[in-house]
file structure.txt (compact mmCIF, N, CA and C atoms)
# COMPACT_ATOMS: atom_id res chain seq x y z
N MET A 1 110.94 112.85 52.04
CA MET A 1 111.12 111.80 53.03
C MET A 1 111.19 110.47 52.28
N THR A 2 112.20 109.71 52.60
CA THR A 2 112.37 108.43 51.91
C THR A 2 111.42 107.39 52.50
N ILE A 3 111.31 106.29 51.78
CA ILE A 3 110.41 105.20 52.22
C ILE A 3 110.84 104.68 53.58
N SER A 4 112.14 104.51 53.80
CA SER A 4 112.59 103.97 55.09
C SER A 4 112.29 104.95 56.22
N ASN A 5 112.39 106.24 55.97
CA ASN A 5 112.05 107.22 57.00
C ASN A 5 110.56 107.19 57.32
N LYS A 6 109.73 107.04 56.29
CA LYS A 6 108.29 106.95 56.50
C LYS A 6 107.94 105.69 57.29
N LEU A 7 108.57 104.60 56.93
CA LEU A 7 108.32 103.34 57.63
C LEU A 7 108.75 103.43 59.09
N THR A 8 109.90 104.02 59.32
CA THR A 8 110.38 104.20 60.70
C THR A 8 109.43 105.07 61.50
N ALA A 9 108.96 106.16 60.90
CA ALA A 9 108.02 107.05 61.59
C ALA A 9 106.71 106.32 61.90
N ALA A 10 106.22 105.53 60.97
CA ALA A 10 104.98 104.79 61.18
C ALA A 10 105.14 103.77 62.31
N ILE A 11 106.26 103.09 62.35
CA ILE A 11 106.51 102.11 63.40
C ILE A 11 106.58 102.79 64.77
N LEU A 12 107.24 103.94 64.84
CA LEU A 12 107.32 104.67 66.10
C LEU A 12 105.95 105.12 66.58
N VAL A 13 105.11 105.56 65.66
CA VAL A 13 103.75 105.98 66.02
C VAL A 13 102.97 104.78 66.56
N LEU A 14 103.08 103.64 65.89
CA LEU A 14 102.36 102.45 66.34
C LEU A 14 102.83 101.99 67.72
N PHE A 15 104.14 102.03 67.95
CA PHE A 15 104.66 101.67 69.27
C PHE A 15 104.15 102.64 70.33
N GLY A 16 104.08 103.91 70.00
CA GLY A 16 103.57 104.90 70.93
C GLY A 16 102.12 104.65 71.29
N LEU A 17 101.32 104.32 70.29
CA LEU A 17 99.91 104.02 70.55
C LEU A 17 99.75 102.76 71.39
N ALA A 18 100.56 101.77 71.11
CA ALA A 18 100.50 100.53 71.88
C ALA A 18 100.89 100.77 73.33
N ALA A 19 101.89 101.61 73.55
CA ALA A 19 102.33 101.92 74.92
C ALA A 19 101.22 102.63 75.68
N CYS A 20 100.53 103.55 75.03
CA CYS A 20 99.43 104.27 75.69
C CYS A 20 98.34 103.30 76.11
N GLU A 21 97.99 102.37 75.24
CA GLU A 21 96.95 101.40 75.57
C GLU A 21 97.40 100.50 76.73
N THR A 22 98.67 100.13 76.73
CA THR A 22 99.18 99.27 77.80
C THR A 22 99.15 99.99 79.13
N ILE A 23 99.57 101.25 79.15
CA ILE A 23 99.59 102.03 80.38
C ILE A 23 98.17 102.27 80.87
N GLU A 24 97.26 102.54 79.94
CA GLU A 24 95.86 102.75 80.32
C GLU A 24 95.27 101.48 80.94
N GLY A 25 95.57 100.34 80.35
CA GLY A 25 95.09 99.07 80.89
C GLY A 25 95.67 98.78 82.26
N ALA A 26 96.94 99.09 82.44
CA ALA A 26 97.57 98.89 83.75
C ALA A 26 96.93 99.80 84.78
N GLY A 27 96.60 101.01 84.39
CA GLY A 27 95.94 101.93 85.31
C GLY A 27 94.59 101.40 85.75
N ARG A 28 93.85 100.82 84.81
CA ARG A 28 92.55 100.24 85.16
C ARG A 28 92.72 99.06 86.11
N ASP A 29 93.73 98.23 85.86
CA ASP A 29 93.98 97.08 86.73
C ASP A 29 94.33 97.53 88.15
N ILE A 30 95.16 98.55 88.26
CA ILE A 30 95.55 99.07 89.57
C ILE A 30 94.34 99.65 90.29
N GLU A 31 93.51 100.37 89.55
CA GLU A 31 92.30 100.95 90.14
C GLU A 31 91.36 99.84 90.64
N ASP A 32 91.17 98.80 89.84
CA ASP A 32 90.31 97.69 90.25
C ASP A 32 90.85 97.00 91.50
N THR A 33 92.17 96.84 91.57
CA THR A 33 92.79 96.23 92.74
C THR A 33 92.55 97.08 93.98
N GLY A 34 92.72 98.38 93.84
CA GLY A 34 92.47 99.29 94.96
C GLY A 34 91.04 99.23 95.44
N GLU A 35 90.11 99.15 94.52
CA GLU A 35 88.70 99.04 94.90
C GLU A 35 88.42 97.73 95.62
N ALA A 36 89.03 96.65 95.17
CA ALA A 36 88.84 95.35 95.82
C ALA A 36 89.40 95.38 97.25
N ILE A 37 90.55 96.01 97.43
CA ILE A 37 91.14 96.12 98.77
C ILE A 37 90.25 96.97 99.67
N THR A 38 89.73 98.06 99.14
CA THR A 38 88.83 98.92 99.91
C THR A 38 87.58 98.17 100.33
N ASP A 39 86.99 97.44 99.40
CA ASP A 39 85.79 96.66 99.70
C ASP A 39 86.07 95.61 100.78
N ALA A 40 87.20 94.93 100.65
CA ALA A 40 87.55 93.89 101.62
C ALA A 40 87.77 94.49 103.00
N SER A 41 88.41 95.64 103.07
CA SER A 41 88.66 96.25 104.38
C SER A 41 87.36 96.76 105.00
N GLN A 42 86.44 97.24 104.19
CA GLN A 42 85.16 97.70 104.73
C GLN A 42 84.32 96.52 105.22
N ASN A 43 84.40 95.39 104.53
CA ASN A 43 83.66 94.20 104.95
C ASN A 43 84.24 93.61 106.24
N ALA A 44 85.54 93.81 106.46
CA ALA A 44 86.19 93.26 107.65
C ALA A 44 85.84 94.05 108.90
N GLN A 45 85.42 95.28 108.74
CA GLN A 45 85.12 96.13 109.89
C GLN A 45 83.85 95.77 110.52
call {"tool": "encode", "arguments": {"input": "structure.txt", "output": "structure tokens"}}
result
Amino acid sequence: MTISNKLTAAILVLFGLAACETIEGAGRDIEDTGEAITDASQNAQ
């Protein structure tokens, strides 16, 4: 494997890891928003 192939593979792995962290964070944000909406609707009743 040449140096450029290794570098390309490493960059792809790093982008993949960054995407997973971003998606995980978005999932937490969506979950928190849902909980806030649920709490607000229960308080309104």
call {"tool": "atom_distance", "arguments": {"input": "structure.txt", "atom1": "atom C of A:Ile11", "atom2": "atom N of A:Ile30"}}
result
26.5 Å
call {"tool": "atom_distance", "arguments": {"input": "structure.txt", "atom1": "atom CA of A:Gln45", "atom2": "atom CA of A:Gly27"}}
result
27.5 Å
call {"tool": "axis_aligned_box", "arguments": {"input": "structure.txt", "around": "stretch 21-27 of chain A", "padding_each_side": "6 Å", "output": "JSON"}}
result
{"center_x": 97.1, "center_y": 100.8, "center_z": 80.5, "size_x": 17.0, "size_y": 16.0, "size_z": 22.5}
call {"tool": "atom_distance", "arguments": {"input": "structure.txt", "atom1": "atom C of A:Ala18", "atom2": "atom CA of A:Ala36"}}
result
26.1 Å
call {"tool": "decode", "arguments": {"input": "structure.txt", "residues": "stretch 14-32 of chain A", "atoms": "N, CA and C atoms", "output": "JSON list (two decimals), in the first residue's frame"}}
result
[["chain", "number", "residue", "atom", "x", "y", "z"],
["A", 14, "LEU", "N", -11.23, 8.76, 9.69],
["A", 14, "LEU", "CA", -11.49, 9.92, 10.55],
["A", 14, "LEU", "C", -12.82, 10.59, 10.22],
["A", 15, "PHE", "N", -13.13, 10.72, 8.93],
["A", 15, "PHE", "CA", -14.42, 11.28, 8.55],
["A", 15, "PHE", "C", -15.57, 10.40, 9.03],
["A", 16, "GLY", "N", -15.39, 9.10, 8.95],
["A", 16, "GLY", "CA", -16.41, 8.18, 9.43],
["A", 16, "GLY", "C", -16.65, 8.31, 10.92],
["A", 17, "LEU", "N", -15.58, 8.43, 11.68],
["A", 17, "LEU", "CA", -15.71, 8.61, 13.13],
["A", 17, "LEU", "C", -16.38, 9.94, 13.46],
["A", 18, "ALA", "N", -16.01, 10.97, 12.74],
["A", 18, "ALA", "CA", -16.61, 12.29, 12.98],
["A", 18, "ALA", "C", -18.11, 12.26, 12.66],
["A", 19, "ALA", "N", -18.49, 11.56, 11.61],
["A", 19, "ALA", "CA", -19.91, 11.47, 11.24],
["A", 19, "ALA", "C", -20.69, 10.74, 12.32],
["A", 20, "CYS", "N", -20.12, 9.68, 12.87],
["A", 20, "CYS", "CA", -20.80, 8.94, 13.94],
["A", 20, "CYS", "C", -21.03, 9.83, 15.15],
["A", 21, "GLU", "N", -20.03, 10.60, 15.53],
["A", 21, "GLU", "CA", -20.17, 11.50, 16.67],
["A", 21, "GLU", "C", -21.23, 12.56, 16.39],
["A", 22, "THR", "N", -21.26, 13.07, 15.17],
["A", 22, "THR", "CA", -22.24, 14.10, 14.82],
["A", 22, "THR", "C", -23.65, 13.54, 14.88],
["A", 23, "ILE", "N", -23.85, 12.35, 14.34],
["A", 23, "ILE", "CA", -25.17, 11.73, 14.33],
["A", 23, "ILE", "C", -25.60, 11.40, 15.75],
["A", 24, "GLU", "N", -24.67, 10.93, 16.57],
["A", 24, "GLU", "CA", -24.98, 10.62, 17.96],
["A", 24, "GLU", "C", -25.41, 11.88, 18.71],
["A", 25, "GLY", "N", -24.69, 12.97, 18.49],
["A", 25, "GLY", "CA", -25.03, 14.24, 19.13],
["A", 25, "GLY", "C", -26.39, 14.75, 18.67],
["A", 26, "ALA", "N", -26.68, 14.60, 17.39],
["A", 26, "ALA", "CA", -27.99, 15.02, 16.88],
["A", 26, "ALA", "C", -29.09, 14.18, 17.51],
["A", 27, "GLY", "N", -28.84, 12.91, 17.68],
["A", 27, "GLY", "CA", -29.82, 12.03, 18.32],
["A", 27, "GLY", "C", -30.12, 12.47, 19.74],
["A", 28, "ARG", "N", -29.07, 12.85, 20.46],
["A", 28, "ARG", "CA", -29.27, 13.33, 21.84],
["A", 28, "ARG", "C", -30.07, 14.63, 21.85],
["A", 29, "ASP", "N", -29.77, 15.52, 20.91],
["A", 29, "ASP", "CA", -30.51, 16.79, 20.83],
["A", 29, "ASP", "C", -31.99, 16.55, 20.54],
["A", 30, "ILE", "N", -32.27, 15.65, 19.63],
["A", 30, "ILE", "CA", -33.66, 15.34, 19.28],
["A", 30, "ILE", "C", -34.37, 14.72, 20.48],
["A", 31, "GLU", "N", -33.69, 13.84, 21.18],
["A", 31, "GLU", "CA", -34.27, 13.21, 22.36],
["A", 31, "GLU", "C", -34.57, 14.26, 23.44],
["A", 32, "ASP", "N", -33.64, 15.17, 23.67],
["A", 32, "ASP", "CA", -33.85, 16.23, 24.66],
["A", 32, "ASP", "C", -35.03, 17.12, 24.28]]
